[in-house]
Each structure stands twice: as C-alpha cells, then as structure tokens.
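Okay, structure first, notes after.
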Amino acid sequence: LYHAPVDGSDLKQIPTTEGGFCSYSPDGKKLALNRMFREFRTWKYYRGGQADDIWINTVGTTELVNVTNNPAQDIFPMWIGEEIYFMSDRDHTMNLFCYNTATGQTRKVTDFKEYDCKFPSYSQDYVVFENGGYIYKYDIKGKKCEKVTITLASDGVYARNKLSEAPKGMKTMSILRGGISLSPDGERVLAAYRGDIFNLPATQGATYQITS
C-alpha cells in the first residue's frame, strides 16, 4: 500500500503488511485494510484460507487485529466515525455490513437477496454502491437505504425509429467517406450510410440492410 501525493511527488509506501482495499480512521492513526486482494476473481461464494477479512493496523507499527474473522469474503473497508462499513457475502449475497470499533459488534446494513452489492464509495454521510445495475445510497445518520434516481439529458427524442429514404447520392457519399467494400466477384458492394451497413447490387437487384 502506498500514499500517492496529490502534488505528483514520489510515492511513499505505508509501513504495514501488503494489502488491497484500505481506509484510514478519522484521526489517521489506524488503517482498516484487506490483507489480500481477491475482488474480481471468479471465486463467488468461496470459503477458505484466501477469503478476505477486515484488519485494523496501527499506523507505523506491524500490529494487526482481525475485526471480522469470518470464513466469507469481507471487503472494501470504509471507516466512517467509529464504524467501519464493508461488503460481505457471509449471507450468500454480497451486502453492506458495519463493524463498530467501540462495541466490537457487527450488524447487517442492507438485505438484498438477488444481486450482490458492488463498487462502494463513501463520504462521512453516505455510502453509495451498485446493485443489479442501479445506484443505491445509504444514509449513515438516518440508517436508510434508497435507490438513486439518475436522469441523463440527451437528444434521444430526436433518435426515435423512423423510416427514411436514402438519397440517390448514397453510394457516392459512402465512397467519399471510405465506407465501401467490393465483393470478390465485383457483383455487389457494401456501403455505410447513417451508421448502418447496406449490401447493394453493382447494377441491378435488391438492396439489403445488414445492420439495424
């Protein structure tokens, strides 16, 4: 694990064990981390010696304390206040959990049944993550999880399906743009027009739209 200074100066290795995901405590004196990096490997529901746990390191020392100690995969530590949020598949589906550093208790925060929670990010007020292709936001203070409504401004209203006649200059336009390919026997030609590929006769015959 390394510090990467925002001014672009040299990297500085953090004096602890090798690790993957990590998060500092608010006072910067401790570091929650995964000692291994198994995320994105094809070992879903793996239980064994290479399943990650959340460890707490006292910065500047080799002291390490396992705070999850679970045979399942516990990843993405996110230290917020006196709590460490993390993802775990201990109940089969990956959900958001929380470890309280004051009480030593762990609680389950979300309860998704169908899809894993993935790719979390956090501030001091929220944890956001993806589940089933949607973005969710967990309110730290309100202890409430809700789907985030995302609206994208686009010109989709002008891209609706419609039928339109290709201009007579279609072949000429395609040639000028380099979007043509002649068949081996010279009887037909492929041409690009408005983002699709057409199969055209060299003299007479049917025209086929190859893509849509």
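Ligands are numbered from 1 in the order shown, chains are lettered A, B, ... in the order of the structure tokens, and residues start at 1 in each chain.
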
List as a Markdown table every residue of segment 46-132 of chain A that is in contact with segment 16-30 of chain A, defined as an atom at most 12 Å from one of its atoms (using only C-alpha atoms), together with the nearest atom pair and the distance in Å rounded to one decimal, sorted by chain and then rising number.
```
| residue | atom | partner | partner_atom | distance |
| --- | --- | --- | --- | --- |
| A:Asp52 | CA | A:Gly20 | CA | 9.6 |
| A:Asp53 | CA | A:Phe21 | CA | 10.7 |
| A:Ile54 | CA | A:Cys22 | CA | 8.9 |
| A:Trp55 | CA | A:Cys22 | CA | 9.2 |
| A:Ile56 | CA | A:Lys30 | CA | 6.6 |
| A:Asn57 | CA | A:Lys30 | CA | 5.6 |
| A:Thr58 | CA | A:Lys30 | CA | 4.6 |
| A:Val59 | CA | A:Lys30 | CA | 5.2 |
| A:Gly60 | CA | A:Thr16 | CA | 7.2 |
| A:Thr61 | CA | A:Thr16 | CA | 6.8 |
| A:Thr62 | CA | A:Thr16 | CA | 5.8 |
| A:Glu63 | CA | A:Thr16 | CA | 8.4 |
| A:Leu64 | CA | A:Thr17 | CA | 8.7 |
| A:Val65 | CA | A:Lys30 | CA | 10.8 |
| A:Asp74 | CA | A:Phe21 | CA | 10.6 |
| A:Ile75 | CA | A:Phe21 | CA | 7.2 |
| A:Phe76 | CA | A:Phe21 | CA | 5.5 |
| A:Pro77 | CA | A:Cys22 | CA | 5.9 |
| A:Met78 | CA | A:Ser23 | CA | 5.5 |
| A:Trp79 | CA | A:Ser25 | CA | 5.6 |
| A:Ile80 | CA | A:Pro26 | CA | 7.1 |
| A:Gly81 | CA | A:Pro26 | CA | 6.4 |
| A:Glu82 | CA | A:Ser25 | CA | 8.1 |
| A:Glu83 | CA | A:Ser25 | CA | 9.1 |
| A:Ile84 | CA | A:Ser25 | CA | 8.7 |
| A:Tyr85 | CA | A:Ser23 | CA | 10.0 |
| A:Phe86 | CA | A:Phe21 | CA | 10.3 |
| A:Met87 | CA | A:Phe21 | CA | 11.3 |
| A:Thr101 | CA | A:Ser25 | CA | 10.3 |
| A:Phe119 | CA | A:Phe21 | CA | 11.3 |
| A:Pro120 | CA | A:Phe21 | CA | 11.2 |
| A:Ser121 | CA | A:Ser23 | CA | 11.1 |
| A:Tyr122 | CA | A:Ser23 | CA | 10.5 |
| A:Ser123 | CA | A:Pro26 | CA | 11.5 |
| A:Gln124 | CA | A:Pro26 | CA | 9.6 |
```

Excluding Thr211 of chain A and any residue of its chain fewer than 3 positions from it, enumerate the residues within 8 Å of it, using only C-alpha atoms, and give them as number ranges by chain.
-> A: 196-198

Keeping N, CA and C atoms for every residue in the selection just given, could you write it to a file as an mmCIF file, in the first residue's frame?
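For reference, part-v4.cif as written:
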```cif
data_model
loop_
_atom_site.group_PDB
_atom_site.id
_atom_site.type_symbol
_atom_site.label_atom_id
_atom_site.label_comp_id
_atom_site.auth_asym_id
_atom_site.auth_seq_id
_atom_site.Cartn_x
_atom_site.Cartn_y
_atom_site.Cartn_z
ATOM 1 N N ASP A 196 -25.338 2.496 -40.528
ATOM 2 C CA ASP A 196 -25.670 1.106 -40.827
ATOM 3 C C ASP A 196 -24.975 0.653 -42.104
ATOM 4 N N ILE A 197 -24.912 -0.677 -42.277
ATOM 5 C CA ILE A 197 -24.246 -1.275 -43.435
ATOM 6 C C ILE A 197 -25.303 -1.821 -44.388
ATOM 7 N N PHE A 198 -25.145 -1.506 -45.684
ATOM 8 C CA PHE A 198 -26.073 -1.954 -46.717
ATOM 9 C C PHE A 198 -25.322 -2.766 -47.764
#
```

Kindly give the distance, in Å, that separates atom CA of Leu11 of chain A and atom CA of Phe37 of chain A, rounded to a single decimal.
->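 Between atom CA of Leu11 of chain A and atom CA of Phe37 of chain A the gap works out to 20.2 Å.
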
Can you work out which one of A:Ala192, A:Ile140, A:Asn100, A:Ile14 has the shortest atom-to-atom distance to Leu33 of chain A, counting only C-alpha atoms?
->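 Ranked by minimum distance to Leu33 of chain A, first place goes to A:Ile14.
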
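Atom pair atom CA of Thr68 of chain A / atom CA of Trp43 of chain A: separated by 19.5 Å.
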
So, counting only C-alpha atoms, which residue among A:Gln209, A:Asn34, A:Gln13, A:Gln50 is closest to Asn66 of chain A?
->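 Of A:Gln209, A:Asn34, A:Gln13, A:Gln50, the one nearest Asn66 of chain A, counting only C-alpha atoms, is A:Asn34.
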
Any chance you could list, as number ranges by chain, the residues in chain A that come up helix (DSSP H, G or I) when DSSP is run on the backbone?
-> A: 156-158, 170-176

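Restricting the calculation to only C-alpha atoms, the smallest distance between Ser88 of chain A and any of A:Gly48, A:Pro71, A:Gly8, A:Gly186 is found for A:Pro71.
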
May I have all residues of segment 5-132 of chain A that DSSP, computed from the backbone, assigns to strand (DSSP E), given as a PyMOL selection string?
-> chain A and resi 12-13+22-24+30-33+55-58+64-66+74-80+83-88+95-100+106-108+117-122+126-131

Hey, which of A:Met36, A:Ala206, A:Ala102, A:Ala4 ends up closest to Gln73 of chain A? Count only C-alpha atoms.
->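 Among A:Met36, A:Ala206, A:Ala102, A:Ala4, it is A:Met36 that comes nearest to Gln73 of chain A.
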
Give the answer as one residue: which of A:Ala72, A:Gly104, A:Val109, A:Ile135 has the shortest atom-to-atom distance to Asp91 of chain A, using only C-alpha atoms?
->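 Counting only C-alpha atoms, the residue closest to Asp91 of chain A is A:Ala72.
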